[in-house]
>>> print(open('input_24.pdb').read())   # PDB, C-alpha atoms
ATOM      1  CA  MET A   1     103.548  87.465 114.315
ATOM      2  CA  SER A   2     105.196  84.875 116.467
ATOM      3  CA  ALA A   3     102.930  83.526 119.204
ATOM      4  CA  GLU A   4     105.520  84.230 121.893
ATOM      5  CA  TYR A   5     104.677  87.965 121.856
ATOM      6  CA  VAL A   6     101.824  89.210 124.041
ATOM      7  CA  ILE A   7     100.291  92.645 123.409
ATOM      8  CA  ARG A   8      98.392  94.264 126.266
ATOM      9  CA  LEU A   9      97.159  97.639 127.408
ATOM     10  CA  GLU A  10      99.709  98.818 129.950
ATOM     11  CA  GLU A  11     100.819 101.814 131.941
ATOM     12  CA  PRO A  12     103.662 103.616 130.121
ATOM     13  CA  ARG A  13     105.406 104.564 133.390
ATOM     14  CA  GLN A  14     107.544 101.424 133.568
ATOM     15  CA  ASP A  15     111.329 101.422 133.415
ATOM     16  CA  ASP A  16     111.603  99.113 130.402
ATOM     17  CA  VAL A  17     108.904 101.008 128.499
ATOM     18  CA  ILE A  18     110.572 104.334 129.285
ATOM     19  CA  ARG A  19     113.880 102.956 127.960
ATOM     20  CA  MET A  20     112.153 101.751 124.790
ATOM     21  CA  LEU A  21     110.472 105.128 124.263
ATOM     22  CA  SER A  22     113.808 106.873 124.877
ATOM     23  CA  ALA A  23     115.337 104.763 122.104
ATOM     24  CA  LEU A  24     112.470 105.784 119.813
ATOM     25  CA  ASP A  25     112.916 109.449 120.745
ATOM     26  CA  SER A  26     116.655 109.286 120.028
ATOM     27  CA  TYR A  27     115.968 107.702 116.651
ATOM     28  CA  LEU A  28     113.377 110.347 115.735
ATOM     29  CA  ARG A  29     115.658 113.183 116.860
ATOM     30  CA  SER A  30     118.410 111.785 114.628
ATOM     31  CA  LEU A  31     116.066 112.063 111.624
ATOM     32  CA  TYR A  32     114.112 115.283 112.163
ATOM     33  CA  PRO A  33     114.552 118.759 113.663
ATOM     34  CA  PRO A  34     112.581 119.608 116.842
ATOM     35  CA  GLU A  35     109.813 121.429 114.955
ATOM     36  CA  SER A  36     109.108 118.258 112.942
ATOM     37  CA  ASN A  37     109.064 115.898 115.934
ATOM     38  CA  HIS A  38     105.614 115.425 117.446
ATOM     39  CA  ILE A  39     106.625 113.286 120.413
ATOM     40  CA  LEU A  40     104.187 112.564 123.238
ATOM     41  CA  GLY A  41     106.046 112.310 126.529
ATOM     42  CA  ILE A  42     105.330 109.846 129.313
ATOM     43  CA  ALA A  43     102.964 112.216 131.148
ATOM     44  CA  ALA A  44     100.923 112.770 127.971
ATOM     45  CA  LEU A  45     100.762 109.008 127.384
ATOM     46  CA  CYS A  46      99.079 108.651 130.788
ATOM     47  CA  ALA A  47      96.250 111.076 129.910
ATOM     48  CA  PRO A  48      92.633 109.848 129.889
ATOM     49  CA  ASP A  49      92.380 110.190 126.089
ATOM     50  CA  ILE A  50      95.273 107.743 125.500
ATOM     51  CA  ARG A  51      95.275 103.946 125.295
ATOM     52  CA  PHE A  52      98.809 102.492 125.348
ATOM     53  CA  TRP A  53      99.867  98.966 124.332
ATOM     54  CA  VAL A  54     103.108  97.144 125.013
ATOM     55  CA  ALA A  55     104.245  94.029 123.155
ATOM     56  CA  ARG A  56     106.262  91.696 125.344
ATOM     57  CA  ARG A  57     108.139  88.467 124.938
ATOM     58  CA  GLU A  58     109.213  86.707 128.110
ATOM     59  CA  CYS A  59     108.251  89.849 130.072
ATOM     60  CA  VAL A  60     110.589  92.071 128.004
ATOM     61  CA  ALA A  61     109.100  95.051 126.124
ATOM     62  CA  HIS A  62     109.745  94.781 122.373
ATOM     63  CA  GLY A  63     107.172  97.175 120.946
ATOM     64  CA  CYS A  64     104.483  99.712 121.698
ATOM     65  CA  GLY A  65     101.781 101.858 120.209
ATOM     66  CA  ALA A  66      99.112 104.258 121.376
ATOM     67  CA  LEU A  67      95.650 105.423 120.441
ATOM     68  CA  ARG A  68      94.885 109.080 121.101
ATOM     69  CA  ILE A  69      91.177 109.821 121.043
ATOM     70  CA  ASP A  70      90.700 113.292 119.609
ATOM     71  CA  ALA A  71      87.796 115.450 120.788
ATOM     72  CA  ALA A  72      86.857 115.876 117.112
ATOM     73  CA  GLY A  73      85.861 112.196 117.045
ATOM     74  CA  TYR A  74      88.771 110.421 115.374
ATOM     75  CA  GLY A  75      91.593 108.270 116.659
ATOM     76  CA  GLU A  76      95.267 109.022 116.143
ATOM     77  CA  VAL A  77      98.016 106.409 116.049
ATOM     78  CA  LYS A  78     100.925 107.533 118.234
ATOM     79  CA  ARG A  79     104.234 106.153 119.527
ATOM     80  CA  MET A  80     104.406 103.100 117.254
ATOM     81  CA  TYR A  81     107.730 101.354 117.750
ATOM     82  CA  VAL A  82     109.251  97.896 117.498
ATOM     83  CA  THR A  83     112.744  97.275 118.841
ATOM     84  CA  PRO A  84     115.358  96.368 116.220
ATOM     85  CA  GLU A  85     115.690  92.791 117.499
ATOM     86  CA  ALA A  86     111.933  92.185 117.150
ATOM     87  CA  ARG A  87     111.500  93.593 113.641
ATOM     88  CA  GLY A  88     110.452  91.359 110.777
ATOM     89  CA  ARG A  89     107.975  89.395 112.886
ATOM     90  CA  ARG A  90     104.839  91.407 111.962
ATOM     91  CA  LEU A  91     104.734  92.858 115.457
ATOM     92  CA  GLY A  92     104.035  96.384 114.201
ATOM     93  CA  ARG A  93     101.063  95.093 112.242
ATOM     94  CA  ALA A  94      99.751  93.299 115.344
ATOM     95  CA  ILE A  95     100.108  96.419 117.525
ATOM     96  CA  LEU A  96      98.345  98.502 114.873
ATOM     97  CA  ALA A  97      95.500  95.953 114.789
ATOM     98  CA  CYS A  98      95.090  96.290 118.570
ATOM     99  CA  ILE A  99      94.900 100.065 118.230
ATOM    100  CA  GLU A 100      92.341  99.902 115.420
ATOM    101  CA  ASP A 101      90.223  97.278 117.208
ATOM    102  CA  GLN A 102      90.056  99.456 120.325
ATOM    103  CA  ALA A 103      89.204 102.527 118.249
ATOM    104  CA  ALA A 104      86.333 100.662 116.583
ATOM    105  CA  ARG A 105      85.081  99.423 119.976
ATOM    106  CA  GLU A 106      85.058 103.028 121.154
ATOM    107  CA  GLY A 107      82.953 104.042 118.148
ATOM    108  CA  LEU A 108      85.647 105.855 116.193
ATOM    109  CA  ALA A 109      85.145 105.633 112.434
ATOM    110  CA  LEU A 110      88.350 107.371 111.357
ATOM    111  CA  MET A 111      92.007 106.794 112.219
ATOM    112  CA  ARG A 112      94.715 109.318 111.438
ATOM    113  CA  LEU A 113      98.468 109.501 111.901
ATOM    114  CA  GLU A 114     101.569 111.508 111.212
ATOM    115  CA  THR A 115     104.851 109.865 110.323
ATOM    116  CA  GLY A 116     108.068 111.106 108.794
ATOM    117  CA  ILE A 117     109.320 111.041 105.230
ATOM    118  CA  HIS A 118     112.452 109.143 106.310
ATOM    119  CA  GLN A 119     110.464 106.262 107.827
ATOM    120  CA  ALA A 120     109.783 104.171 104.732
ATOM    121  CA  ALA A 121     109.048 100.989 106.696
ATOM    122  CA  ALA A 122     106.412 102.776 108.785
ATOM    123  CA  GLN A 123     104.821 104.261 105.681
ATOM    124  CA  ALA A 124     104.754 100.826 104.037
ATOM    125  CA  LEU A 125     103.135  99.293 107.129
ATOM    126  CA  TYR A 126     100.404 101.917 107.182
ATOM    127  CA  ARG A 127      99.760 101.759 103.425
ATOM    128  CA  SER A 128      99.522  97.970 103.530
ATOM    129  CA  GLY A 129      97.021  98.370 106.379
ATOM    130  CA  GLY A 130      94.728 100.568 104.296
ATOM    131  CA  TYR A 131      95.951 104.048 105.218
ATOM    132  CA  ALA A 132      96.117 106.713 102.508
ATOM    133  CA  GLU A 133      97.776 110.113 102.511
ATOM    134  CA  CYS A 134      95.657 113.044 103.636
ATOM    135  CA  ALA A 135      96.009 116.706 104.536
ATOM    136  CA  PRO A 136      97.404 117.765 107.910
ATOM    137  CA  PHE A 137      94.812 117.444 110.669
ATOM    138  CA  GLY A 138      94.199 118.702 114.179
ATOM    139  CA  GLU A 139      97.040 120.885 115.413
ATOM    140  CA  TYR A 140      99.484 119.703 112.728
ATOM    141  CA  ARG A 141     100.622 122.165 110.096
ATOM    142  CA  PRO A 142     102.015 121.387 106.639
ATOM    143  CA  ASP A 143     105.566 120.090 107.008
ATOM    144  CA  PRO A 144     107.732 118.815 104.150
ATOM    145  CA  LEU A 145     109.189 116.220 106.555
ATOM    146  CA  SER A 146     105.791 114.797 107.554
ATOM    147  CA  VAL A 147     103.414 112.349 105.899
ATOM    148  CA  PHE A 148      99.800 112.480 107.084
ATOM    149  CA  MET A 149      97.578 109.444 106.601
ATOM    150  CA  GLU A 150      94.079 108.269 107.453
ATOM    151  CA  LYS A 151      91.881 105.192 107.289
ATOM    152  CA  ARG A 152      88.140 104.627 107.683
ATOM    153  CA  LEU A 153      87.193 101.941 110.194
ATOM    154  CA  VAL A 154      84.160  99.711 110.402
ATOM    155  CA  THR A 155      82.700 100.556 113.811
ATOM    156  CA  ARG A 156      80.984  98.032 116.025
TER     157      ARG A 156
END
>>> encode(input="input_24.pdb", output="structure tokens")
Amino acid sequence: MSAEYVIRLEEPRQDDVIRMLSALDSYLRSLYPPESNHILGIAALCAPDIRFWVARRECVAHGCGALRIDAAGYGEVKRMYVTPEARGRRLGRAILACIEDQAAREGLALMRLETGIHQAAAQALYRSGGYAECAPFGEYRPDPLSVFMEKRLVTR
């Protein structure tokens, strides 16, 4: 990742972050029907069980990702996104590392996620980061348009 990007925990209720998440939502809605979209809105991203990161370059938001801490004791990767102009710079990998590091600091030994079958780049990122396919978890149900993955973490 280029050193000019800074990734920090931030409040999602910011105009530029909301615009970025709206772009992500539009993209996801173009790929999947409503019943296959598991989008967390801005209010949900502000909940106490969520940690939300924003990647910025020169104060402009170029990526984001969230950790949702499930009551069952695992972490879930949510709202991973890198803007088209920032892709190819390993920014997604860096955001994912921030999420996993925080999860380990909070004592979580297992990370899980749901992504879509039409998001090959996301699947490749997660597989290269050690995630493997698993059964649906939590409130998710089997969905032919979803890919469920998990990874064991080394806790601190």
>>> closest_residue(input="input_24.pdb", among="A:Ile42, A:Leu21, A:Ile69, A:Leu91", to="Ile7 (chain A)", atoms="only C-alpha atoms")
A:Leu91
>>> resolve_selection(input="input_24.pdb", expression="the PyMOL selection byres ((chain A and resi 140-155) around 9)", output="CSV table (one decimal) with C-alpha atoms, keeping the file's coordinate frame")
chain,number,residue,atom,x,y,z
A,32,TYR,CA,114.1,115.3,112.2
A,36,SER,CA,109.1,118.3,112.9
A,38,HIS,CA,105.6,115.4,117.4
A,76,GLU,CA,95.3,109.0,116.1
A,100,GLU,CA,92.3,99.9,115.4
A,101,ASP,CA,90.2,97.3,117.2
A,103,ALA,CA,89.2,102.5,118.2
A,104,ALA,CA,86.3,100.7,116.6
A,105,ARG,CA,85.1,99.4,120.0
A,106,GLU,CA,85.1,103.0,121.2
A,107,GLY,CA,83.0,104.0,118.1
A,108,LEU,CA,85.6,105.9,116.2
A,109,ALA,CA,85.1,105.6,112.4
A,110,LEU,CA,88.4,107.4,111.4
A,111,MET,CA,92.0,106.8,112.2
A,112,ARG,CA,94.7,109.3,111.4
A,113,LEU,CA,98.5,109.5,111.9
A,114,GLU,CA,101.6,111.5,111.2
A,115,THR,CA,104.9,109.9,110.3
A,116,GLY,CA,108.1,111.1,108.8
A,117,ILE,CA,109.3,111.0,105.2
A,118,HIS,CA,112.5,109.1,106.3
A,123,GLN,CA,104.8,104.3,105.7
A,126,TYR,CA,100.4,101.9,107.2
A,127,ARG,CA,99.8,101.8,103.4
A,129,GLY,CA,97.0,98.4,106.4
A,130,GLY,CA,94.7,100.6,104.3
A,131,TYR,CA,96.0,104.0,105.2
A,132,ALA,CA,96.1,106.7,102.5
A,133,GLU,CA,97.8,110.1,102.5
A,134,CYS,CA,95.7,113.0,103.6
A,135,ALA,CA,96.0,116.7,104.5
A,136,PRO,CA,97.4,117.8,107.9
A,137,PHE,CA,94.8,117.4,110.7
A,138,GLY,CA,94.2,118.7,114.2
A,139,GLU,CA,97.0,120.9,115.4
A,156,ARG,CA,81.0,98.0,116.0
>>> atom_distance(input="input_24.pdb", atom1="CA of Ala94 (chain A)", atom2="CA of Glu10 (chain A)")
15.6 Å
>>> atom_distance(input="input_24.pdb", atom1="CA of Cys46 (chain A)", atom2="CA of Tyr81 (chain A)")
17.3 Å
>>> closest_residue(input="input_24.pdb", among="A:Arg93, A:Arg19, A:Arg68, A:Arg29", to="Phe52 (chain A)", atoms="only C-alpha atoms")
A:Arg68
>>> residues_around(input="input_24.pdb", residues="Val60 (chain A)", least_positions_apart="6", cutoff="12 Å", atoms="only C-alpha atoms", output="list of chain:residue names")
A:Glu4, A:Tyr5, A:Val6, A:Ile7, A:Gln14, A:Asp15, A:Asp16, A:Val17, A:Arg19, A:Met20, A:Val54, A:Thr83, A:Glu85, A:Ala86
>>> closest_residue(input="input_24.pdb", among="A:Arg8, A:Glu58, A:Ala121, A:Lys78", to="Gly41 (chain A)", atoms="all atoms listed in the file")
A:Lys78
>>> residues_around(input="input_24.pdb", residues="Pro84 (chain A)", least_positions_apart="6", cutoff="12 Å", atoms="all atoms listed in the file", output="MDAnalysis selection string")
chainID A and resid 20 23:24 27 61:63 91:92
>>> residues_near_point(input="input_24.pdb", point="(99.2, 99.8, 124.9)", cutoff="10 Å", atoms="only C-alpha atoms", output="PDB file with C-alpha atoms, keeping the file's coordinate frame")
ATOM      1  CA  ILE A   7     100.291  92.645 123.409  1.00  0.00           C
ATOM      2  CA  ARG A   8      98.392  94.264 126.266  1.00  0.00           C
ATOM      3  CA  LEU A   9      97.159  97.639 127.408  1.00  0.00           C
ATOM      4  CA  GLU A  10      99.709  98.818 129.950  1.00  0.00           C
ATOM      5  CA  GLU A  11     100.819 101.814 131.941  1.00  0.00           C
ATOM      6  CA  PRO A  12     103.662 103.616 130.121  1.00  0.00           C
ATOM      7  CA  LEU A  45     100.762 109.008 127.384  1.00  0.00           C
ATOM      8  CA  ILE A  50      95.273 107.743 125.500  1.00  0.00           C
ATOM      9  CA  ARG A  51      95.275 103.946 125.295  1.00  0.00           C
ATOM     10  CA  PHE A  52      98.809 102.492 125.348  1.00  0.00           C
ATOM     11  CA  TRP A  53      99.867  98.966 124.332  1.00  0.00           C
ATOM     12  CA  VAL A  54     103.108  97.144 125.013  1.00  0.00           C
ATOM     13  CA  ALA A  55     104.245  94.029 123.155  1.00  0.00           C
ATOM     14  CA  GLY A  63     107.172  97.175 120.946  1.00  0.00           C
ATOM     15  CA  CYS A  64     104.483  99.712 121.698  1.00  0.00           C
ATOM     16  CA  GLY A  65     101.781 101.858 120.209  1.00  0.00           C
ATOM     17  CA  ALA A  66      99.112 104.258 121.376  1.00  0.00           C
ATOM     18  CA  LEU A  67      95.650 105.423 120.441  1.00  0.00           C
ATOM     19  CA  ARG A  79     104.234 106.153 119.527  1.00  0.00           C
ATOM     20  CA  MET A  80     104.406 103.100 117.254  1.00  0.00           C
ATOM     21  CA  ILE A  95     100.108  96.419 117.525  1.00  0.00           C
ATOM     22  CA  CYS A  98      95.090  96.290 118.570  1.00  0.00           C
ATOM     23  CA  ILE A  99      94.900 100.065 118.230  1.00  0.00           C
TER      24      ILE A  99
END
>>> closest_residue(input="input_24.pdb", among="A:Gln119, A:Ala97, A:Gly88, A:Arg56", to="Leu31 (chain A)", atoms="all atoms listed in the file")
A:Gln119
>>> atom_distance(input="input_24.pdb", atom1="CA of Asp70 (chain A)", atom2="CA of Arg87 (chain A)")
29.3 Å
>>> closest_residue(input="input_24.pdb", among="A:Val77, A:Leu28, A:Ala43, A:Cys59", to="Gln102 (chain A)", atoms="all atoms listed in the file")
A:Val77
